[in-house]
>>> print(open('my_file11.json').read())   # JSON, C-alpha atoms
[["chain", "number", "residue", "atom", "x", "y", "z"],
["A", 1, "MET", "CA", -140.93, 93.42, -48.93],
["A", 2, "ARG", "CA", -138.98, 96.60, -49.29],
["A", 3, "TYR", "CA", -140.24, 99.65, -47.43],
["A", 4, "GLU", "CA", -139.38, 103.29, -47.43],
["A", 5, "ALA", "CA", -139.83, 105.24, -44.22],
["A", 6, "VAL", "CA", -139.39, 108.91, -43.49],
["A", 7, "VAL", "CA", -138.56, 109.81, -39.89],
["A", 8, "GLU", "CA", -139.10, 113.37, -38.77],
["A", 9, "VAL", "CA", -137.16, 114.64, -35.74],
["A", 10, "LEU", "CA", -138.14, 117.96, -34.19],
["A", 11, "LEU", "CA", -137.11, 119.75, -31.02],
["A", 12, "LYS", "CA", -139.54, 119.18, -28.17],
["A", 13, "ASP", "CA", -141.93, 121.97, -27.25],
["A", 14, "GLY", "CA", -140.22, 123.99, -24.56],
["A", 15, "VAL", "CA", -136.69, 123.32, -25.81],
["A", 16, "SER", "CA", -135.30, 126.54, -27.18],
["A", 17, "ASP", "CA", -134.76, 126.53, -30.93],
["A", 18, "PRO", "CA", -132.36, 129.39, -31.67],
["A", 19, "GLU", "CA", -132.01, 128.30, -35.29],
["A", 20, "GLY", "CA", -135.80, 128.37, -35.74],
["A", 21, "MET", "CA", -136.02, 131.80, -34.12],
["A", 22, "THR", "CA", -133.29, 133.15, -36.41],
["A", 23, "ILE", "CA", -135.07, 131.77, -39.46],
["A", 24, "LEU", "CA", -138.32, 133.31, -38.21],
["A", 25, "ASP", "CA", -136.61, 136.71, -38.11],
["A", 26, "ALA", "CA", -135.58, 136.24, -41.74],
["A", 27, "VAL", "CA", -139.07, 135.08, -42.74],
["A", 28, "VAL", "CA", -140.57, 138.21, -41.18],
["A", 29, "SER", "CA", -137.90, 140.38, -42.84],
["A", 30, "LEU", "CA", -138.92, 138.82, -46.14],
["A", 31, "GLY", "CA", -142.36, 140.33, -45.63],
["A", 32, "TYR", "CA", -144.24, 137.35, -44.20],
["A", 33, "GLY", "CA", -145.29, 138.90, -40.92],
["A", 34, "SER", "CA", -148.12, 136.40, -40.56],
["A", 35, "VAL", "CA", -145.66, 133.64, -39.62],
["A", 36, "GLU", "CA", -145.47, 133.17, -35.85],
["A", 37, "ARG", "CA", -143.07, 130.32, -35.44],
["A", 38, "VAL", "CA", -140.46, 128.30, -37.28],
["A", 39, "ALA", "CA", -139.30, 124.97, -35.86],
["A", 40, "THR", "CA", -136.19, 123.26, -37.18],
["A", 41, "GLY", "CA", -135.56, 119.55, -37.34],
["A", 42, "LYS", "CA", -134.24, 116.74, -39.46],
["A", 43, "LEU", "CA", -135.69, 114.24, -41.89],
["A", 44, "PHE", "CA", -134.27, 110.78, -42.46],
["A", 45, "ARG", "CA", -135.27, 108.51, -45.30],
["A", 46, "LEU", "CA", -134.67, 104.82, -44.66],
["A", 47, "LEU", "CA", -135.02, 101.99, -47.16],
["A", 48, "LEU", "CA", -135.33, 98.60, -45.52],
["A", 49, "ASN", "CA", -136.51, 95.07, -46.02],
["A", 50, "ALA", "CA", -139.16, 93.68, -43.68],
["A", 51, "ASP", "CA", -141.82, 90.97, -43.65],
["A", 52, "ASP", "CA", -144.69, 93.43, -43.43],
["A", 53, "GLU", "CA", -145.53, 97.02, -42.63],
["A", 54, "ASN", "CA", -145.78, 96.46, -38.88],
["A", 55, "ALA", "CA", -142.35, 94.83, -38.75],
["A", 56, "ALA", "CA", -140.89, 97.70, -40.77],
["A", 57, "ALA", "CA", -142.52, 100.26, -38.47],
["A", 58, "ASP", "CA", -141.10, 98.49, -35.40],
["A", 59, "VAL", "CA", -137.57, 98.54, -36.74],
["A", 60, "VAL", "CA", -137.75, 102.16, -37.84],
["A", 61, "THR", "CA", -139.20, 103.20, -34.48],
["A", 62, "GLN", "CA", -136.38, 101.44, -32.62],
["A", 63, "ILE", "CA", -133.76, 103.16, -34.76],
["A", 64, "ALA", "CA", -135.42, 106.53, -34.26],
["A", 65, "GLU", "CA", -135.53, 106.02, -30.49],
["A", 66, "GLN", "CA", -131.99, 104.73, -30.10],
["A", 67, "LEU", "CA", -130.09, 106.84, -32.59],
["A", 68, "LEU", "CA", -131.90, 109.35, -34.77],
["A", 69, "SER", "CA", -133.35, 111.36, -31.89],
["A", 70, "ASN", "CA", -132.12, 112.38, -28.47],
["A", 71, "PRO", "CA", -135.12, 112.07, -26.12],
["A", 72, "VAL", "CA", -133.84, 114.91, -23.92],
["A", 73, "LEU", "CA", -134.21, 117.38, -26.76],
["A", 74, "GLU", "CA", -136.25, 115.89, -29.53],
["A", 75, "ASP", "CA", -139.46, 114.11, -30.50],
["A", 76, "PHE", "CA", -139.69, 111.90, -33.55],
["A", 77, "ARG", "CA", -142.47, 110.73, -35.81],
["A", 78, "VAL", "CA", -142.34, 107.93, -38.34],
["A", 79, "ARG", "CA", -144.26, 109.09, -41.34],
["A", 80, "ASP", "CA", -144.83, 107.95, -44.88],
["A", 81, "LEU", "CA", -144.03, 104.29, -44.32],
["A", 82, "LEU", "CA", -144.65, 102.88, -47.75],
["A", 83, "ALA", "CA", -143.92, 99.77, -49.73],
["A", 84, "SER", "CA", -141.17, 100.91, -52.04],
["A", 85, "ALA", "CA", -140.21, 100.08, -55.56],
["A", 86, "SER", "CA", -137.28, 102.48, -55.60],
["A", 87, "SER", "CA", -133.71, 101.52, -54.82],
["B", 1, "MET", "CA", -96.14, 100.93, -13.53],
["B", 2, "PRO", "CA", -97.01, 104.58, -12.85],
["B", 3, "PRO", "CA", -100.67, 105.62, -12.94],
["B", 4, "THR", "CA", -101.80, 106.23, -16.50],
["B", 5, "VAL", "CA", -104.61, 108.28, -18.00],
["B", 6, "GLY", "CA", -106.07, 107.10, -21.29],
["B", 7, "VAL", "CA", -106.93, 109.98, -23.62],
["B", 8, "VAL", "CA", -109.44, 108.71, -26.16],
["B", 9, "VAL", "CA", -109.28, 109.84, -29.77],
["B", 10, "PHE", "CA", -112.25, 109.55, -32.11],
["B", 11, "PRO", "CA", -112.00, 110.59, -35.76],
["B", 12, "GLY", "CA", -112.27, 114.39, -35.47],
["B", 13, "THR", "CA", -111.04, 114.73, -31.89],
["B", 14, "ASN", "CA", -108.53, 117.60, -31.78],
["B", 15, "CYS", "CA", -107.62, 118.37, -28.17],
["B", 16, "GLU", "CA", -105.91, 115.11, -27.25],
["B", 17, "HIS", "CA", -102.34, 116.43, -27.39],
["B", 18, "ASP", "CA", -103.26, 119.46, -25.26],
["B", 19, "VAL", "CA", -104.69, 117.11, -22.62],
["B", 20, "VAL", "CA", -101.62, 114.84, -22.67],
["B", 21, "HIS", "CA", -99.37, 117.92, -22.43],
["B", 22, "ALA", "CA", -101.33, 119.47, -19.59],
["B", 23, "LEU", "CA", -101.45, 116.25, -17.57],
["B", 24, "GLY", "CA", -97.73, 115.79, -18.21],
["B", 25, "LEU", "CA", -96.98, 119.25, -16.83],
["B", 26, "LEU", "CA", -98.72, 118.15, -13.64],
["B", 27, "GLY", "CA", -96.68, 114.96, -13.49],
["B", 28, "MET", "CA", -99.31, 112.53, -14.75],
["B", 29, "HIS", "CA", -98.50, 110.04, -17.49],
["B", 30, "ALA", "CA", -101.11, 109.97, -20.25],
["B", 31, "GLU", "CA", -101.45, 107.85, -23.36],
["B", 32, "ILE", "CA", -103.56, 108.37, -26.45],
["B", 33, "LYS", "CA", -106.06, 105.59, -27.11],
["B", 34, "TRP", "CA", -107.89, 104.92, -30.37],
["B", 35, "HIS", "CA", -111.69, 104.77, -30.28],
["B", 36, "GLY", "CA", -111.79, 101.63, -32.42],
["B", 37, "ASP", "CA", -109.99, 99.55, -29.78],
["B", 38, "SER", "CA", -112.30, 97.68, -27.49],
["B", 39, "GLU", "CA", -109.88, 97.77, -24.56],
["B", 40, "LEU", "CA", -108.20, 100.68, -22.84],
["B", 41, "GLY", "CA", -105.32, 98.64, -21.45],
["B", 42, "ALA", "CA", -103.94, 99.43, -18.03],
["B", 43, "CYS", "CA", -105.55, 102.83, -17.50],
["B", 44, "ASP", "CA", -106.44, 104.26, -14.12],
["B", 45, "ALA", "CA", -108.63, 107.00, -15.54],
["B", 46, "VAL", "CA", -109.85, 108.25, -18.88],
["B", 47, "VAL", "CA", -110.30, 111.63, -20.54],
["B", 48, "LEU", "CA", -112.57, 112.22, -23.53],
["B", 49, "PRO", "CA", -111.09, 115.37, -25.03],
["B", 50, "GLY", "CA", -112.66, 118.05, -27.19],
["B", 51, "GLY", "CA", -113.07, 118.20, -30.92],
["B", 52, "PHE", "CA", -115.68, 117.01, -33.37],
["B", 53, "ALA", "CA", -115.91, 113.23, -32.97],
["B", 54, "HIS", "CA", -117.18, 111.70, -36.21],
["B", 55, "GLY", "CA", -117.67, 115.19, -37.59],
["B", 56, "ASP", "CA", -120.51, 115.84, -35.11],
["B", 57, "TYR", "CA", -122.71, 114.04, -37.63],
["B", 58, "LEU", "CA", -126.31, 113.59, -36.49],
["B", 59, "ARG", "CA", -125.62, 115.24, -33.12],
["B", 60, "PRO", "CA", -122.33, 115.84, -31.27],
["B", 61, "GLY", "CA", -121.41, 112.55, -29.61],
["B", 62, "ALA", "CA", -124.25, 110.59, -31.16],
["B", 63, "ILE", "CA", -122.02, 108.38, -33.32],
["B", 64, "ALA", "CA", -119.08, 108.22, -30.90],
["B", 65, "ARG", "CA", -121.36, 106.47, -28.44],
["B", 66, "PHE", "CA", -121.19, 103.38, -30.67],
["B", 67, "SER", "CA", -117.38, 103.22, -30.86],
["B", 68, "ASN", "CA", -115.77, 100.03, -29.59],
["B", 69, "VAL", "CA", -113.98, 101.88, -26.81],
["B", 70, "MET", "CA", -117.22, 103.04, -25.19],
["B", 71, "ASN", "CA", -117.86, 99.70, -23.50],
["B", 72, "ALA", "CA", -114.48, 99.93, -21.80],
["B", 73, "ILE", "CA", -115.23, 103.51, -20.73],
["B", 74, "ILE", "CA", -118.62, 102.48, -19.35],
["B", 75, "GLU", "CA", -116.94, 99.67, -17.39],
["B", 76, "MET", "CA", -114.44, 102.12, -15.91],
["B", 77, "ALA", "CA", -117.23, 104.53, -15.01],
["B", 78, "GLU", "CA", -119.18, 101.75, -13.30],
["B", 79, "ALA", "CA", -116.05, 100.62, -11.46],
["B", 80, "GLY", "CA", -115.74, 104.10, -9.98],
["B", 81, "LYS", "CA", -112.63, 105.11, -11.93],
["B", 82, "PRO", "CA", -112.31, 108.83, -12.76],
["B", 83, "VAL", "CA", -113.75, 109.71, -16.18],
["B", 84, "LEU", "CA", -113.57, 113.28, -17.50],
["B", 85, "GLY", "CA", -115.28, 114.52, -20.67],
["B", 86, "ILE", "CA", -114.23, 117.95, -21.88],
["B", 87, "CYS", "CA", -116.37, 119.86, -24.39],
["B", 88, "ASN", "CA", -117.10, 117.30, -27.13],
["B", 89, "GLY", "CA", -116.20, 114.65, -24.55],
["B", 90, "PHE", "CA", -119.01, 115.98, -22.33],
["B", 91, "GLN", "CA", -121.39, 115.66, -25.30],
["B", 92, "VAL", "CA", -120.25, 112.05, -25.80],
["B", 93, "LEU", "CA", -120.86, 111.23, -22.12],
["B", 94, "THR", "CA", -124.43, 112.57, -22.28],
["B", 95, "GLU", "CA", -125.17, 110.68, -25.49],
["B", 96, "ALA", "CA", -123.78, 107.53, -23.85],
["B", 97, "LYS", "CA", -126.11, 108.21, -20.90],
["B", 98, "LEU", "CA", -123.21, 108.26, -18.45],
["B", 99, "LEU", "CA", -124.39, 111.77, -17.58],
["B", 100, "PRO", "CA", -127.95, 113.14, -17.69],
["B", 101, "GLY", "CA", -129.20, 115.88, -20.01],
["B", 102, "ALA", "CA", -127.94, 117.01, -23.38],
["B", 103, "LEU", "CA", -126.00, 119.84, -25.00],
["B", 104, "GLN", "CA", -127.74, 121.79, -27.72],
["B", 105, "LYS", "CA", -126.90, 124.80, -29.88],
["B", 106, "ASN", "CA", -125.93, 127.94, -28.00],
["B", 107, "ALA", "CA", -128.72, 130.43, -27.42],
["B", 108, "GLY", "CA", -127.84, 133.23, -29.82],
["B", 109, "LEU", "CA", -126.51, 130.71, -32.34],
["B", 110, "ARG", "CA", -122.92, 131.89, -32.07],
["B", 111, "PHE", "CA", -119.83, 129.80, -31.80],
["B", 112, "ILE", "CA", -118.28, 131.16, -28.61],
["B", 113, "CYS", "CA", -114.55, 131.26, -28.06],
["B", 114, "ASP", "CA", -113.83, 133.20, -24.89],
["B", 115, "VAL", "CA", -112.64, 133.01, -21.31],
["B", 116, "GLU", "CA", -115.50, 132.55, -18.86],
["B", 117, "LYS", "CA", -115.69, 132.89, -15.09],
["B", 118, "LEU", "CA", -116.98, 129.75, -13.42],
["B", 119, "GLU", "CA", -118.27, 129.19, -9.92],
["B", 120, "VAL", "CA", -117.28, 125.92, -8.30],
["B", 121, "VAL", "CA", -120.55, 124.49, -6.98],
["B", 122, "SER", "CA", -119.51, 121.05, -5.75],
["B", 123, "ASN", "CA", -116.06, 119.86, -4.77],
["B", 124, "ARG", "CA", -117.27, 116.31, -4.37],
["B", 125, "SER", "CA", -116.51, 115.40, -7.99],
["B", 126, "ALA", "CA", -113.43, 113.80, -9.52],
["B", 127, "ALA", "CA", -112.49, 117.13, -11.11],
["B", 128, "SER", "CA", -113.07, 119.66, -8.36],
["B", 129, "GLY", "CA", -111.72, 118.24, -5.09],
["B", 130, "LEU", "CA", -108.92, 120.80, -4.75],
["B", 131, "MET", "CA", -111.32, 123.76, -4.88],
["B", 132, "GLN", "CA", -113.86, 125.22, -2.50],
["B", 133, "PRO", "CA", -117.58, 125.64, -3.27],
["B", 134, "GLY", "CA", -118.13, 129.28, -4.23],
["B", 135, "GLU", "CA", -114.59, 129.66, -5.57],
["B", 136, "ILE", "CA", -114.42, 131.49, -8.89],
["B", 137, "ILE", "CA", -112.08, 130.24, -11.59],
["B", 138, "SER", "CA", -111.56, 131.31, -15.22],
["B", 139, "LEU", "CA", -111.38, 128.83, -18.09],
["B", 140, "PRO", "CA", -111.67, 129.10, -21.86],
["B", 141, "ILE", "CA", -114.76, 127.85, -23.66],
["B", 142, "ASN", "CA", -114.84, 127.03, -27.35],
["B", 143, "HIS", "CA", -118.10, 125.61, -28.60],
["B", 144, "PHE", "CA", -121.24, 125.96, -30.67],
["B", 145, "GLU", "CA", -123.29, 123.31, -28.88],
["B", 146, "GLY", "CA", -122.67, 123.91, -25.20],
["B", 147, "ASN", "CA", -126.14, 124.89, -24.10],
["B", 148, "TYR", "CA", -126.81, 122.38, -21.32],
["B", 149, "THR", "CA", -130.41, 121.27, -21.43],
["B", 150, "CYS", "CA", -132.49, 119.02, -19.20],
["B", 151, "ASP", "CA", -136.03, 118.92, -17.85],
["B", 152, "GLN", "CA", -136.99, 120.33, -14.45],
["B", 153, "VAL", "CA", -137.05, 116.91, -12.78],
["B", 154, "THR", "CA", -133.49, 116.21, -13.92],
["B", 155, "HIS", "CA", -132.32, 119.67, -12.82],
["B", 156, "ASP", "CA", -133.90, 119.18, -9.41],
["B", 157, "SER", "CA", -132.12, 115.84, -9.01],
["B", 158, "LEU", "CA", -128.81, 117.38, -10.08],
["B", 159, "VAL", "CA", -129.20, 119.97, -7.33],
["B", 160, "GLU", "CA", -130.42, 117.47, -4.75],
["B", 161, "ASN", "CA", -127.57, 115.03, -5.43],
["B", 162, "ASP", "CA", -124.89, 117.74, -5.53],
["B", 163, "GLN", "CA", -124.07, 116.90, -9.16],
["B", 164, "ILE", "CA", -123.57, 120.44, -10.45],
["B", 165, "VAL", "CA", -119.80, 120.92, -10.50],
["B", 166, "PHE", "CA", -119.40, 124.27, -12.29],
["B", 167, "LYS", "CA", -121.76, 127.10, -13.15],
["B", 168, "TYR", "CA", -121.06, 130.03, -15.45],
["B", 169, "VAL", "CA", -121.04, 133.38, -13.67],
["B", 170, "ASP", "CA", -122.34, 135.08, -16.85],
["B", 171, "ASN", "CA", -124.21, 132.30, -18.65],
["B", 172, "PRO", "CA", -122.88, 132.71, -22.21],
["B", 173, "ASN", "CA", -124.82, 129.99, -24.02],
["B", 174, "GLY", "CA", -128.25, 129.70, -22.42],
["B", 175, "SER", "CA", -127.50, 126.61, -20.32],
["B", 176, "VAL", "CA", -130.22, 125.52, -17.88],
["B", 177, "GLY", "CA", -129.21, 126.75, -14.43],
["B", 178, "SER", "CA", -126.05, 128.28, -15.99],
["B", 179, "ILE", "CA", -124.57, 124.79, -15.82],
["B", 180, "ALA", "CA", -121.03, 124.44, -17.21],
["B", 181, "GLY", "CA", -120.18, 121.02, -15.78],
["B", 182, "ILE", "CA", -121.86, 118.14, -13.96],
["B", 183, "SER", "CA", -120.99, 114.79, -12.47],
["B", 184, "ASN", "CA", -122.82, 111.52, -12.07],
["B", 185, "ILE", "CA", -124.29, 110.79, -8.63],
["B", 186, "ARG", "CA", -121.17, 108.98, -7.49],
["B", 187, "GLY", "CA", -119.00, 111.90, -8.63],
["B", 188, "ASN", "CA", -116.42, 109.89, -10.59],
["B", 189, "VAL", "CA", -117.77, 110.79, -14.04],
["B", 190, "VAL", "CA", -117.52, 114.49, -14.86],
["B", 191, "GLY", "CA", -118.46, 116.38, -18.01],
["B", 192, "MET", "CA", -117.65, 120.04, -18.58],
["B", 193, "MET", "CA", -117.79, 122.38, -21.56],
["B", 194, "PRO", "CA", -114.83, 124.62, -20.51],
["B", 195, "HIS", "CA", -111.31, 123.51, -21.38],
["B", 196, "PRO", "CA", -109.05, 123.12, -18.32],
["B", 197, "GLU", "CA", -106.20, 121.81, -20.50],
["B", 198, "ARG", "CA", -106.02, 125.20, -22.21],
["B", 199, "ALA", "CA", -105.34, 127.03, -18.95],
["B", 200, "VAL", "CA", -102.30, 125.41, -17.39],
["B", 201, "GLU", "CA", -99.57, 127.94, -18.22],
["B", 202, "GLU", "CA", -99.41, 131.71, -17.70],
["B", 203, "ILE", "CA", -98.23, 132.16, -21.26],
["B", 204, "VAL", "CA", -101.65, 131.05, -22.55],
["B", 205, "GLY", "CA", -103.52, 133.39, -20.25],
["B", 206, "GLY", "CA", -104.25, 131.49, -17.08],
["B", 207, "THR", "CA", -103.54, 128.53, -14.87],
["B", 208, "ASP", "CA", -106.90, 127.73, -13.28],
["B", 209, "GLY", "CA", -107.08, 124.60, -15.40],
["B", 210, "ARG", "CA", -104.40, 123.20, -13.09],
["B", 211, "LYS", "CA", -106.94, 123.22, -10.25],
["B", 212, "VAL", "CA", -109.33, 121.08, -12.30],
["B", 213, "LEU", "CA", -106.76, 118.66, -13.71],
["B", 214, "GLY", "CA", -104.91, 118.63, -10.39],
["B", 215, "SER", "CA", -108.15, 117.58, -8.71],
["B", 216, "PHE", "CA", -108.54, 114.84, -11.33],
["B", 217, "ILE", "CA", -104.99, 113.63, -10.69],
["B", 218, "ARG", "CA", -105.50, 113.63, -6.95],
["B", 219, "GLU", "CA", -108.61, 111.53, -7.45],
["B", 220, "ILE", "CA", -106.60, 109.05, -9.55],
["B", 221, "LEU", "CA", -103.88, 108.79, -6.92],
["B", 222, "ASN", "CA", -106.46, 108.31, -4.16],
["B", 223, "SER", "CA", -108.59, 105.76, -5.97]]
>>> encode(input="my_file11.json", output="structure tokens")
Amino acid sequence: MRYEAVVEVLLKDGVSDPEGMTILDAVVSLGYGSVERVATGKLFRLLLNADDENAAADVVTQIAEQLLSNPVLEDFRVRDLLASASS
Amino acid sequence: MPPTVGVVVFPGTNCEHDVVHALGLLGMHAEIKWHGDSELGACDAVVLPGGFAHGDYLRPGAIARFSNVMNAIIEMAEAGKPVLGICNGFQVLTEAKLLPGALQKNAGLRFICDVEKLEVVSNRSAASGLMQPGEIISLPINHFEGNYTCDQVTHDSLVENDQIVFKYVDNPNGSVGSIAGISNIRGNVVGMMPHPERAVEEIVGGTDGRKVLGSFIREILNS
């Protein structure tokens, strides 16, 4: 089966996010004073072949742990793991 | 065969010739090594110079960690040979887990190119043996992602094991504990954001880099 997974990588709570703070300033300047926090991160979309959803999730999790995120700075979450028809 | 320092070049590295030049001024033979080679040859020490290895894609150092040459560097580190990562090289060493912590974007989000005062904290490392703890030196920094970050437990162990080599006097980038450079526990692997190779001649504004590279050379000759 072919699967599509989206991995979200965000800075850990407590790690300073100067880019997020700068964007927050701009958001507030834009008139949206109700926004309290902006966190920046990255999204990765992986297409892979695996026997089943669990096997796909295992592989994606390993890749996220070993490469896509740096555990000192970032947390990751595998989301939207779906059987995929797209190429 | 005279002692030789391998200076590793990844695609995007840009300080390798400065390092070879600076080491040469101090009488040390250095050779440029390509990251795709799985062996370093007859090297007595290795420098990972600054630049933007693999375009800093993903995170600085994240892709370089998987280069063929890294296994040879890890072997040298484990054998106790001197290994020095400067700027991007420091980022590579943290990504390769040869040094703890990580470097993230500067607080203030500015690329900083300036001369900074550094306090020598430990002279036990392979890049600080010729200096005294408390000594103040000046070196150029040139980075966007030099904000040293680690958790409290890691910082405590760095202090306890005398692994902090250099601290900024006026922390320019938000680094935890004002850290500018650290070593591994053994002291043979050192990573630092400032550029000693850019401060070896008066004509470029200072010579304190000679103390750092001179310490590194002394370590090579003694090991």
>>> interface_residues(input="my_file11.json", of="chain B", to="chain A", cutoff="9 Å", atoms="only C-alpha atoms", output="NGL selection string")
:B and (58-59 or 62-63 or 95 or 100-109 or 149-151)
>>> write_last_selection(input="my_file11.json", atoms="C-alpha atoms", output="PDB file, in the coordinates of the input")
ATOM      1  CA  LEU B  58    -126.310 113.590 -36.490  1.00  0.00           C
ATOM      2  CA  ARG B  59    -125.620 115.240 -33.120  1.00  0.00           C
ATOM      3  CA  ALA B  62    -124.250 110.590 -31.160  1.00  0.00           C
ATOM      4  CA  ILE B  63    -122.020 108.380 -33.320  1.00  0.00           C
ATOM      5  CA  GLU B  95    -125.170 110.680 -25.490  1.00  0.00           C
ATOM      6  CA  PRO B 100    -127.950 113.140 -17.690  1.00  0.00           C
ATOM      7  CA  GLY B 101    -129.200 115.880 -20.010  1.00  0.00           C
ATOM      8  CA  ALA B 102    -127.940 117.010 -23.380  1.00  0.00           C
ATOM      9  CA  LEU B 103    -126.000 119.840 -25.000  1.00  0.00           C
ATOM     10  CA  GLN B 104    -127.740 121.790 -27.720  1.00  0.00           C
ATOM     11  CA  LYS B 105    -126.900 124.800 -29.880  1.00  0.00           C
ATOM     12  CA  ASN B 106    -125.930 127.940 -28.000  1.00  0.00           C
ATOM     13  CA  ALA B 107    -128.720 130.430 -27.420  1.00  0.00           C
ATOM     14  CA  GLY B 108    -127.840 133.230 -29.820  1.00  0.00           C
ATOM     15  CA  LEU B 109    -126.510 130.710 -32.340  1.00  0.00           C
ATOM     16  CA  THR B 149    -130.410 121.270 -21.430  1.00  0.00           C
ATOM     17  CA  CYS B 150    -132.490 119.020 -19.200  1.00  0.00           C
ATOM     18  CA  ASP B 151    -136.030 118.920 -17.850  1.00  0.00           C
TER      19      ASP B 151
END
>>> residues_around(input="my_file11.json", residues="range 203-205 of chain B", least_positions_apart="4", cutoff="10 Å", atoms="all atoms listed in the file", output="VMD selection string")
chain B and resid 115 138 to 140 198 to 199
>>> residues_around(input="my_file11.json", residues="range 52-60 of chain A", least_positions_apart="2", cutoff="12 Å", atoms="all atoms listed in the file", output="PyMOL selection string")
chain A and resi 1-8+44-50+62-69+76-84
>>> atom_distance(input="my_file11.json", atom1="CA of Gly41 in chain B", atom2="CA of Leu221 in chain B")
17.8 Å
>>> atom_distance(input="my_file11.json", atom1="CA of Phe216 in chain B", atom2="CA of Thr13 in chain B")
20.7 Å
>>> atom_distance(input="my_file11.json", atom1="CA of Gly209 in chain B", atom2="CA of Met131 in chain B")
11.4 Å
>>> residues_around(input="my_file11.json", residues="range 73-78 of chain B", least_positions_apart="4", cutoff="9 Å", atoms="only C-alpha atoms", output="count of residues only")
12
>>> residues_around(input="my_file11.json", residues="Thr40 in chain A", least_positions_apart="2", cutoff="7 Å", atoms="only C-alpha atoms", output="number ranges by chain")
A: 10, 19-20, 38
>>> write_last_selection(input="my_file11.json", atoms="C-alpha atoms", output="CSV table (one decimal), keeping the file's coordinate frame")
chain,number,residue,atom,x,y,z
A,10,LEU,CA,-138.1,118.0,-34.2
A,19,GLU,CA,-132.0,128.3,-35.3
A,20,GLY,CA,-135.8,128.4,-35.7
A,38,VAL,CA,-140.5,128.3,-37.3
>>> axis_aligned_box(input="my_file11.json", around="range 72-82 of chain A", padding_each_side="8 Å", output="AutoDock Vina command-line options")
--center_x -139.3 --center_y 110.1 --center_z -35.8 --size_x 27.0 --size_y 30.5 --size_z 39.8
>>> residues_around(input="my_file11.json", residues="Ser183 in chain B", least_positions_apart="3", cutoff="9 Å", atoms="all atoms listed in the file", output="PyMOL selection string")
chain B and resi 99-100+125-127+158+162-165+186-192
>>> decode(input="my_file11.json", residues="range 135-146 of chain B", atoms="N, CA, C and O atoms", output="mmCIF file, in the first residue's frame")
data_model
loop_
_atom_site.group_PDB
_atom_site.id
_atom_site.type_symbol
_atom_site.label_atom_id
_atom_site.label_comp_id
_atom_site.auth_asym_id
_atom_site.auth_seq_id
_atom_site.Cartn_x
_atom_site.Cartn_y
_atom_site.Cartn_z
ATOM 1 N N GLU B 135 41.080 34.301 31.250
ATOM 2 C CA GLU B 135 41.692 35.151 30.227
ATOM 3 C C GLU B 135 40.630 35.613 29.225
ATOM 4 O O GLU B 135 39.728 34.859 28.873
ATOM 5 N N ILE B 136 40.745 36.846 28.787
ATOM 6 C CA ILE B 136 39.795 37.389 27.814
ATOM 7 C C ILE B 136 40.497 37.495 26.459
ATOM 8 O O ILE B 136 41.583 38.072 26.351
ATOM 9 N N ILE B 137 39.855 36.912 25.450
ATOM 10 C CA ILE B 137 40.386 37.031 24.091
ATOM 11 C C ILE B 137 39.283 37.599 23.188
ATOM 12 O O ILE B 137 38.108 37.589 23.563
ATOM 13 N N SER B 138 39.671 38.103 22.031
ATOM 14 C CA SER B 138 38.698 38.644 21.075
ATOM 15 C C SER B 138 38.770 37.858 19.781
ATOM 16 O O SER B 138 39.852 37.687 19.214
ATOM 17 N N LEU B 139 37.602 37.388 19.322
ATOM 18 C CA LEU B 139 37.538 36.655 18.058
ATOM 19 C C LEU B 139 36.296 37.101 17.279
ATOM 20 O O LEU B 139 35.283 37.475 17.875
ATOM 21 N N PRO B 140 36.370 37.013 15.944
ATOM 22 C CA PRO B 140 35.188 37.340 15.152
ATOM 23 C C PRO B 140 34.138 36.240 15.219
ATOM 24 O O PRO B 140 34.481 35.060 15.289
ATOM 25 N N ILE B 141 32.872 36.651 15.208
ATOM 26 C CA ILE B 141 31.778 35.696 15.001
ATOM 27 C C ILE B 141 31.063 36.095 13.717
ATOM 28 O O ILE B 141 31.110 37.255 13.298
ATOM 29 N N ASN B 142 30.376 35.141 13.117
ATOM 30 C CA ASN B 142 29.771 35.365 11.811
ATOM 31 C C ASN B 142 28.713 34.279 11.611
ATOM 32 O O ASN B 142 28.970 33.277 10.979
ATOM 33 N N HIS B 143 27.545 34.513 12.221
ATOM 34 C CA HIS B 143 26.543 33.440 12.155
ATOM 35 C C HIS B 143 25.128 33.950 12.370
ATOM 36 O O HIS B 143 24.907 35.016 12.943
ATOM 37 N N PHE B 144 24.189 33.129 11.916
ATOM 38 C CA PHE B 144 22.766 33.372 12.158
ATOM 39 C C PHE B 144 22.228 32.364 13.175
ATOM 40 O O PHE B 144 21.299 32.650 13.917
ATOM 41 N N GLU B 145 22.827 31.176 13.195
ATOM 42 C CA GLU B 145 22.344 30.142 14.098
ATOM 43 C C GLU B 145 23.463 29.735 15.045
ATOM 44 O O GLU B 145 24.085 28.688 14.893
ATOM 45 N N GLY B 146 23.733 30.627 16.003
ATOM 46 C CA GLY B 146 24.830 30.379 16.948
ATOM 47 C C GLY B 146 24.378 30.405 18.384
ATOM 48 O O GLY B 146 25.187 30.468 19.306
#
